[in-house]
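Asker: Supplied structure: input09.txt, compact mmCIF, C-alpha atoms.
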```txt
# COMPACT_ATOMS: atom_id res chain seq x y z
CA MET A 1 -31.83 -76.69 52.29
CA LYS A 2 -28.81 -76.87 50.04
CA ARG A 3 -29.41 -76.58 46.30
CA ARG A 4 -28.35 -80.21 45.52
CA LYS A 5 -30.67 -81.64 48.19
CA PHE A 6 -33.49 -79.39 47.01
CA ILE A 7 -33.25 -80.67 43.40
CA ALA A 8 -33.14 -84.28 44.62
CA ALA A 9 -36.22 -83.69 46.72
CA LEU A 10 -38.10 -82.25 43.74
CA GLY A 11 -37.23 -85.29 41.63
CA ALA A 12 -38.44 -87.66 44.33
CA ALA A 13 -41.69 -85.73 44.72
CA ALA A 14 -42.36 -85.84 40.95
CA ALA A 15 -41.80 -89.59 40.79
CA TRP A 16 -43.81 -90.38 43.92
CA PRO A 17 -47.34 -90.37 42.39
CA LEU A 18 -46.36 -92.94 39.73
CA ALA A 19 -44.60 -95.15 42.26
CA ALA A 20 -47.48 -94.93 44.74
CA ASN A 21 -50.00 -96.00 42.11
CA GLY A 22 -47.81 -98.67 40.55
CA GLN A 23 -47.90 -96.86 37.17
CA THR A 24 -45.26 -96.72 34.47
CA PRO A 25 -44.98 -94.27 31.58
CA ALA A 26 -47.07 -95.21 28.51
CA ARG A 27 -45.20 -97.39 26.01
CA LEU A 28 -44.52 -95.89 22.59
CA VAL A 29 -46.46 -98.06 20.12
CA HIS A 30 -44.99 -98.33 16.63
CA VAL A 31 -47.34 -98.11 13.62
CA VAL A 32 -46.28 -98.15 9.96
CA LEU A 33 -48.45 -96.73 7.18
CA LEU A 34 -47.83 -98.65 3.93
CA SER A 35 -49.10 -96.78 0.86
CA PRO A 36 -48.69 -96.84 -2.92
CA VAL A 37 -48.28 -93.05 -2.87
CA GLU A 38 -47.06 -90.38 -0.49
CA PRO A 39 -50.11 -89.89 1.75
CA SER A 40 -51.47 -86.78 3.41
CA LEU A 41 -51.21 -87.24 7.17
CA VAL A 42 -53.25 -84.28 8.42
CA SER A 43 -56.55 -86.14 8.91
CA LEU A 44 -54.81 -89.30 10.09
CA ARG A 45 -52.93 -87.44 12.82
CA LYS A 46 -56.12 -85.64 13.86
CA ASN A 47 -57.98 -88.96 14.13
CA LEU A 48 -55.14 -90.43 16.20
CA GLN A 49 -55.09 -87.41 18.52
CA ASP A 50 -58.86 -87.67 19.02
CA LEU A 51 -58.24 -91.12 20.50
CA GLY A 52 -55.36 -89.96 22.67
CA TYR A 53 -52.42 -90.90 20.45
CA VAL A 54 -49.74 -88.21 20.26
CA GLU A 55 -46.62 -88.75 18.18
CA GLY A 56 -43.48 -88.85 20.28
CA ARG A 57 -45.48 -89.34 23.47
CA ASN A 58 -47.26 -92.67 23.08
CA ILE A 59 -47.09 -93.49 19.36
CA ARG A 60 -44.45 -93.59 16.64
CA LEU A 61 -45.88 -93.29 13.12
CA ASP A 62 -43.71 -94.13 10.13
CA VAL A 63 -44.64 -93.96 6.44
CA ARG A 64 -43.45 -96.35 3.73
CA SER A 65 -44.51 -95.01 0.32
CA ALA A 66 -44.06 -96.70 -3.04
CA GLY A 67 -44.05 -93.33 -4.80
CA GLY A 68 -46.70 -94.45 -7.28
CA GLN A 69 -44.76 -97.62 -8.21
CA ILE A 70 -47.05 -100.43 -7.07
CA ASP A 71 -44.46 -103.14 -7.66
CA ARG A 72 -42.33 -101.65 -4.87
CA LEU A 73 -44.92 -102.48 -2.19
CA PRO A 74 -43.87 -106.13 -1.53
CA GLY A 75 -40.27 -105.09 -0.92
CA LEU A 76 -41.35 -102.25 1.37
CA ALA A 77 -43.57 -104.61 3.36
CA GLU A 78 -40.78 -107.16 3.73
CA ALA A 79 -38.42 -104.43 4.97
CA VAL A 80 -40.97 -103.35 7.58
CA VAL A 81 -41.22 -106.91 8.89
CA ARG A 82 -37.44 -107.29 9.01
CA GLU A 83 -37.20 -104.04 10.94
CA GLY A 84 -39.14 -105.60 13.81
CA GLY A 85 -40.79 -103.93 16.75
CA ILE A 86 -43.93 -103.09 14.71
CA ASP A 87 -47.23 -103.12 16.61
CA ALA A 88 -49.49 -102.66 13.57
CA ILE A 89 -49.49 -101.87 9.86
CA LEU A 90 -51.97 -99.47 8.27
CA ALA A 91 -52.31 -100.60 4.65
CA GLN A 92 -53.70 -98.03 2.22
CA SER A 93 -55.20 -99.81 -0.81
CA PHE A 94 -55.66 -103.42 -1.80
CA PRO A 95 -52.12 -103.85 -3.24
CA ALA A 96 -50.64 -102.55 0.03
CA ALA A 97 -52.83 -104.92 2.04
CA ILE A 98 -51.81 -107.93 -0.07
CA ALA A 99 -48.14 -106.97 0.21
CA ALA A 100 -48.42 -106.68 3.99
CA CYS A 101 -50.32 -109.96 4.39
CA THR A 102 -47.77 -111.76 2.24
CA ALA A 103 -44.89 -110.37 4.29
CA THR A 104 -46.32 -111.21 7.72
CA GLN A 105 -48.94 -113.49 9.24
CA THR A 106 -48.40 -112.17 12.76
CA ILE A 107 -48.24 -108.35 12.75
CA PRO A 108 -51.79 -106.92 12.89
CA ILE A 109 -52.90 -105.19 9.68
CA VAL A 110 -55.68 -102.62 9.35
CA ALA A 111 -56.39 -102.11 5.66
CA THR A 112 -58.54 -99.72 3.64
CA VAL A 113 -59.38 -101.48 0.37
CA GLY A 114 -61.55 -100.59 -2.59
CA ILE A 115 -62.76 -104.07 -3.46
CA ASP A 116 -64.50 -107.03 -1.81
CA PRO A 117 -61.88 -108.44 0.59
CA VAL A 118 -63.51 -111.88 0.54
CA ALA A 119 -63.81 -112.24 -3.25
CA SER A 120 -60.23 -110.99 -3.62
CA GLY A 121 -58.88 -113.53 -1.09
CA LEU A 122 -57.83 -111.01 1.54
CA ALA A 123 -60.32 -112.21 4.18
CA ASP A 124 -62.23 -115.39 4.99
CA SER A 125 -65.44 -113.44 5.60
CA LEU A 126 -66.49 -109.88 6.36
CA ALA A 127 -67.68 -110.77 9.86
CA HIS A 128 -64.61 -112.85 10.74
CA PRO A 129 -61.73 -111.94 8.42
CA GLY A 130 -59.38 -114.46 10.04
CA HIS A 131 -55.61 -114.33 9.97
CA ASN A 132 -54.09 -110.96 10.94
CA VAL A 133 -56.11 -108.46 8.89
CA THR A 134 -59.23 -106.32 9.24
CA GLY A 135 -60.20 -102.87 8.00
CA ILE A 136 -62.58 -100.91 5.79
CA ALA A 137 -63.97 -102.30 2.52
CA ILE A 138 -65.41 -99.75 0.10
CA PHE A 139 -66.75 -102.25 -2.51
CA ALA A 140 -65.85 -100.21 -5.56
CA GLU A 141 -67.78 -102.61 -7.80
CA GLU A 142 -71.08 -101.21 -6.50
CA MET A 143 -69.86 -97.63 -6.59
CA ASP A 144 -68.55 -97.97 -10.14
CA THR A 145 -71.93 -99.21 -11.33
CA LYS A 146 -73.54 -96.14 -9.78
CA LEU A 147 -71.00 -93.84 -11.48
CA VAL A 148 -71.81 -95.35 -14.89
CA GLU A 149 -75.53 -94.81 -14.23
CA LEU A 150 -74.90 -91.18 -13.27
CA LEU A 151 -72.84 -90.67 -16.40
CA ARG A 152 -75.72 -91.93 -18.53
CA GLU A 153 -77.95 -89.28 -16.92
CA ILE A 154 -75.40 -86.57 -17.71
CA ALA A 155 -74.65 -87.74 -21.24
CA PRO A 156 -77.76 -89.49 -22.63
CA ARG A 157 -76.38 -89.67 -26.18
CA ALA A 158 -72.82 -90.76 -25.34
CA VAL A 159 -71.70 -94.09 -26.79
CA ARG A 160 -67.95 -94.51 -26.32
CA LEU A 161 -67.03 -94.63 -22.63
CA ALA A 162 -63.46 -94.79 -21.28
CA ALA A 163 -62.76 -96.04 -17.77
CA VAL A 164 -59.37 -94.73 -16.63
CA ALA A 165 -57.39 -96.65 -14.01
CA ALA A 166 -53.82 -97.23 -12.94
CA ILE A 167 -52.45 -100.75 -13.05
CA THR A 168 -52.47 -101.75 -9.40
CA GLY A 169 -51.53 -105.42 -9.32
CA GLY A 170 -55.06 -106.78 -8.94
CA GLY A 171 -56.52 -103.70 -7.31
CA ASN A 172 -58.93 -102.96 -10.17
CA LEU A 173 -61.06 -106.09 -10.04
CA SER A 174 -64.08 -103.79 -10.28
CA LEU A 175 -63.33 -103.02 -13.94
CA GLY A 176 -65.50 -105.97 -14.94
CA ALA A 177 -68.45 -104.34 -13.16
CA ILE A 178 -67.87 -101.16 -15.16
CA GLN A 179 -67.96 -103.05 -18.44
CA GLU A 180 -71.12 -104.94 -17.44
CA ALA A 181 -72.90 -101.78 -16.29
CA GLY A 182 -71.80 -100.03 -19.48
CA ARG A 183 -73.22 -102.76 -21.72
CA LYS A 184 -76.58 -102.56 -19.93
CA LEU A 185 -76.71 -98.81 -20.56
CA ASP A 186 -75.60 -99.05 -24.21
CA PHE A 187 -72.04 -97.83 -23.71
CA ASP A 188 -69.11 -99.23 -25.66
CA VAL A 189 -66.61 -99.44 -22.80
CA GLU A 190 -62.83 -99.34 -23.16
CA ILE A 191 -60.35 -99.42 -20.29
CA ILE A 192 -57.46 -96.95 -20.36
CA LYS A 193 -54.79 -98.43 -18.08
CA ILE A 194 -52.09 -96.15 -16.74
CA ALA A 195 -48.92 -98.22 -16.35
CA ASP A 196 -46.85 -95.35 -14.96
CA PRO A 197 -48.18 -92.01 -13.63
CA ALA A 198 -45.26 -90.35 -15.40
CA ASP A 199 -46.99 -91.30 -18.67
CA LEU A 200 -50.29 -89.54 -17.89
CA ALA A 201 -49.85 -86.92 -20.61
CA THR A 202 -49.41 -89.68 -23.20
CA ALA A 203 -52.16 -91.97 -21.90
CA LEU A 204 -54.62 -89.06 -21.77
CA SER A 205 -53.39 -87.13 -24.80
CA PRO A 206 -55.87 -85.23 -27.03
CA GLU A 207 -55.40 -87.94 -29.68
CA VAL A 208 -56.57 -90.60 -27.20
CA LEU A 209 -59.37 -88.61 -25.60
CA THR A 210 -60.94 -87.63 -28.91
CA ARG A 211 -61.95 -91.28 -29.43
CA PHE A 212 -64.41 -91.15 -26.52
CA ASP A 213 -67.66 -89.39 -25.62
CA ALA A 214 -67.33 -89.62 -21.84
CA PHE A 215 -65.00 -90.78 -19.05
CA MET A 216 -65.28 -92.37 -15.64
CA PHE A 217 -62.66 -92.94 -12.96
CA PRO A 218 -63.02 -95.86 -10.54
CA PRO A 219 -61.47 -95.48 -7.07
CA ASP A 220 -57.70 -95.42 -7.49
CA VAL A 221 -55.32 -94.18 -4.83
CA VAL A 222 -52.52 -93.70 -7.36
CA LEU A 223 -54.48 -91.50 -9.78
CA SER A 224 -55.96 -89.57 -6.85
CA SER A 225 -52.48 -88.38 -5.97
CA TYR A 226 -52.19 -86.93 -9.51
CA LYS A 227 -55.59 -85.27 -9.36
CA ALA A 228 -54.56 -81.84 -10.65
CA GLU A 229 -52.84 -83.22 -13.74
CA VAL A 230 -55.67 -85.66 -14.51
CA LEU A 231 -58.33 -82.94 -14.25
CA LYS A 232 -56.31 -80.64 -16.49
CA LEU A 233 -55.89 -83.30 -19.18
CA ILE A 234 -59.52 -84.45 -19.07
CA GLY A 235 -60.72 -80.85 -19.02
CA LEU A 236 -59.01 -80.20 -22.36
CA SER A 237 -61.36 -82.73 -23.97
CA ASN A 238 -64.44 -80.72 -22.89
CA LYS A 239 -66.29 -84.00 -22.42
CA PRO A 240 -68.17 -85.21 -19.31
CA ALA A 241 -66.30 -87.22 -16.68
CA VAL A 242 -67.34 -88.64 -13.31
CA PHE A 243 -65.11 -89.34 -10.32
CA PRO A 244 -65.11 -91.52 -7.19
CA SER A 245 -64.75 -89.10 -4.25
CA SER A 246 -65.71 -85.59 -3.21
CA ASP A 247 -62.21 -84.13 -3.52
CA TRP A 248 -62.36 -84.59 -7.30
CA ALA A 249 -65.48 -82.44 -7.74
CA GLU A 250 -64.20 -79.93 -5.20
CA SER A 251 -61.02 -79.64 -7.28
CA GLY A 252 -62.92 -78.93 -10.50
CA GLY A 253 -64.25 -82.30 -11.68
CA LEU A 254 -67.78 -82.32 -13.09
CA LEU A 255 -69.34 -84.85 -10.72
CA SER A 256 -68.26 -87.16 -7.94
CA PHE A 257 -69.99 -89.95 -6.07
CA GLY A 258 -68.38 -91.97 -3.34
CA PRO A 259 -67.96 -92.66 0.35
CA ASP A 260 -67.35 -89.94 2.90
CA LEU A 261 -63.55 -90.20 3.11
CA ALA A 262 -63.48 -88.46 6.49
CA GLU A 263 -65.76 -91.16 7.89
CA VAL A 264 -63.64 -93.90 6.32
CA GLY A 265 -60.49 -92.43 7.89
CA ARG A 266 -62.05 -92.17 11.36
CA HIS A 267 -63.31 -95.74 11.34
CA SER A 268 -59.95 -97.03 10.17
CA ILE A 269 -58.30 -95.44 13.21
CA PHE A 270 -61.07 -96.76 15.49
CA GLN A 271 -60.12 -100.25 14.35
CA LEU A 272 -56.41 -99.53 14.77
CA ASP A 273 -57.12 -98.40 18.33
CA ARG A 274 -58.90 -101.68 19.12
CA VAL A 275 -55.99 -103.66 17.68
CA LEU A 276 -53.42 -101.69 19.67
CA LYS A 277 -55.46 -102.38 22.80
CA GLY A 278 -55.17 -106.12 22.26
CA GLU A 279 -58.08 -107.26 20.09
CA LYS A 280 -57.28 -109.71 17.31
CA PRO A 281 -57.75 -108.21 13.84
CA GLY A 282 -59.05 -111.50 12.49
CA ASP A 283 -61.97 -111.26 14.92
CA LEU A 284 -62.87 -107.65 14.01
CA PRO A 285 -65.38 -107.41 11.14
CA PHE A 286 -64.44 -105.56 7.98
CA GLU A 287 -66.57 -102.40 8.03
CA ARG A 288 -68.33 -100.81 5.08
CA PRO A 289 -68.89 -97.07 4.60
CA THR A 290 -72.40 -95.97 5.51
CA LYS A 291 -72.36 -92.47 4.03
CA PHE A 292 -72.02 -91.75 0.30
CA THR A 293 -72.02 -88.27 -1.19
CA LEU A 294 -73.04 -86.96 -4.60
CA ILE A 295 -71.36 -83.65 -5.47
CA ILE A 296 -71.90 -81.68 -8.67
CA ASN A 297 -69.64 -78.88 -9.83
CA LEU A 298 -72.13 -76.62 -11.60
CA HIS A 299 -69.38 -74.11 -12.43
CA THR A 300 -67.56 -76.81 -14.41
CA ALA A 301 -70.79 -77.91 -16.12
CA ARG A 302 -71.50 -74.37 -17.30
CA ALA A 303 -67.94 -73.91 -18.55
CA MET A 304 -68.32 -77.10 -20.59
CA GLY A 305 -71.76 -76.15 -21.87
CA ILE A 306 -73.40 -79.16 -20.21
CA GLU A 307 -76.98 -78.79 -19.03
CA LEU A 308 -77.58 -81.14 -16.11
CA PRO A 309 -80.99 -82.69 -15.43
CA PRO A 310 -82.85 -80.87 -12.61
CA THR A 311 -83.69 -84.26 -11.07
CA LEU A 312 -79.97 -84.92 -10.71
CA LEU A 313 -79.25 -81.53 -9.16
CA VAL A 314 -81.88 -81.96 -6.43
CA ARG A 315 -80.37 -85.33 -5.45
CA ALA A 316 -76.91 -83.87 -4.90
CA GLU A 317 -75.74 -83.38 -1.32
CA LYS A 318 -73.64 -80.46 -2.54
CA VAL A 319 -73.72 -78.28 -5.66
CA ILE A 320 -70.64 -76.15 -6.30
CA ASP A 321 -71.67 -72.98 -8.10
```
How would this structure read if it were set down as structure tokens?

Answerer:
Amino acid sequence: MKRRKFIAALGAAAAWPLAANGQTPARLVHVVLLSPVEPSLVSLRKNLQDLGYVEGRNIRLDVRSAGGQIDRLPGLAEAVVREGGIDAILAQSFPAAIAACTATQTIPIVATVGIDPVASGLADSLAHPGHNVTGIAIFAEEMDTKLVELLREIAPRAVRLAAVAAITGGGNLSLGAIQEAGRKLDFDVEIIKIADPADLATALSPEVLTRFDAFMFPPDVVLSSYKAEVLKLIGLSNKPAVFPSSDWAESGGLLSFGPDLAEVGRHSIFQLDRVLKGEKPGDLPFERPTKFTLIINLHTARAMGIELPPTLLVRAEKVID
């Protein structure tokens, strides 16, 4: 057989199984991740691969980051909609979800939000969100109350409590729960609002921190991306602080309590998978995390001269020594 005929025969043989079975190559679905900050994609890509999604083969994943500037999110969402050809939007945080929902009522949205999506107006109900959005709701109000209670155990004589949060365009509706929980536990609560992450050193300067006895950080995707700087600044005060997820304590924070972020990430991609396979997001219930983890960094406690109650230590899922 001549070389040209041989190559043609090979091509026909390779195409024959698809033609015989009436199959066509998988379509490349297009998903956009909308986030207030530049996200880490390692876990996200792993979760996608576990469900059979491989970038460049059957999925295209693009990131639109606001770089810590929350007010950029609406414009980014509008640009995504104008771009067209989007199969779904992954919205990271409540401000990103609101921006996406405002920009489109047709493109499916899978959101991970820190507050009640019904009370905040994002969904009609948890069981039937309606419209074009579903996702994971962490309910930070409940978690923040627990953090204040844990802080009281750590610092029984503390009076002046600062709650530190970035300004996220309505994303910190749980701050009222912090103030209420603080009043019940005899804290004088003040909110330190970070308008711009570039101003962290000023907002958390020694002159500011010296006014308080203890600190707590509600869930905040913006401040989480500046974790190293925040921990350094708070550490200089040598005063107790509690944080909303395990990565804070693992990075040197005194104590963290919050949802298992790996579980949250997996379930978010499970929902994305269902949407990409044709289910309507408005019919998919908002899920809530089922696993919460208490982590104590005993090394940090010793360095600060803080003696933690034994009853607290035995309740921790992990103690870093």

Asker: Can I get the residues of stretch 90-202 of chain A within 8 Å of stretch 241-250 of chain A, each with the closest pair of atoms and their distance in Å to one decimal, using all atoms listed in the file, sorted chain first then ascending number, as a Markdown table?

Answerer:
```
| residue | atom | partner | partner_atom | distance |
| --- | --- | --- | --- | --- |
| A:Met143 | CA | A:Pro244 | CA | 7.8 |
| A:Asp144 | CA | A:Pro244 | CA | 7.9 |
| A:Leu147 | CA | A:Val242 | CA | 6.6 |
| A:Leu150 | CA | A:Val242 | CA | 8.0 |
| A:Leu151 | CA | A:Val242 | CA | 6.6 |
```

Asker: Residues near A:Arg60, anyone? I mean within 7 Å using all atoms listed in the file, not counting same-chain ones fewer than 4 positions away, as a list in words.

Answerer: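 Neighbouring residues, sequence-local ones excluded: Leu28, Val29, His30, Val31, Glu55 and Gly56 of chain A.
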
Asker: Please tell me which residues are no farther than 9 Å from (-44.8, -93.3, -3.9) in the file, counting only C-alpha atoms, and write them as an NGL selection string.

Answerer: :A and (35-39 or 64-70 or 72 or 222)

Asker: Go ahead and compute the interatomic distance for atom CA of A:Ile98 and atom CA of A:Leu76, in Å to one decimal.

Answerer: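 According to the coordinates, atom CA of A:Ile98 and atom CA of A:Leu76 are separated by 12.0 Å.
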
Asker: Quick one: distance from atom CA of A:Lys280 to atom CA of A:Arg27 in Å, one decimal?

Answerer: 19.3 Å

Asker: Would you mind telling me which residue in A:Ala166, A:Gly84, A:Asp283, A:Ile154 lies nearest to A:His131 when using all atoms listed in the file?

Answerer: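 Closest to A:His131 of all the choices is A:Asp283.
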
Asker: Can you check which parts of stretch 46-154 of chain A lie within 9 Å of stretch 270-274 of chain A? Per residue, the shortest pair of atoms and distance in Å to one decimal, counting all atoms listed in the file, sorted by chain and number, as CSV.

Answerer:
```
residue,atom,partner,partner_atom,distance
A:Asn47,CA,A:Phe270,CA,8.5
A:Leu48,CA,A:Asp273,CA,8.5
A:Leu51,CA,A:Asp273,CA,7.7
A:Ala88,CA,A:Leu272,CA,7.7
A:Ile89,CA,A:Leu272,CA,8.8
A:Leu90,CA,A:Leu272,CA,7.9
A:Pro108,CA,A:Leu272,CA,8.9
A:Ile109,CA,A:Leu272,CA,8.4
A:Val110,CA,A:Leu272,CA,6.3
A:Thr134,CA,A:Gln271,CA,8.0
A:Gly135,CA,A:Gln271,CA,6.9
A:Ile136,CA,A:Gln271,CA,8.9
```

Asker: Have a look at A:Pro219, A:Gly305, A:Pro285, A:Pro310 and name the one nearest to A:Pro117; count only C-alpha atoms.

Answerer: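 Closest residue, counting only C-alpha atoms: A:Pro285.
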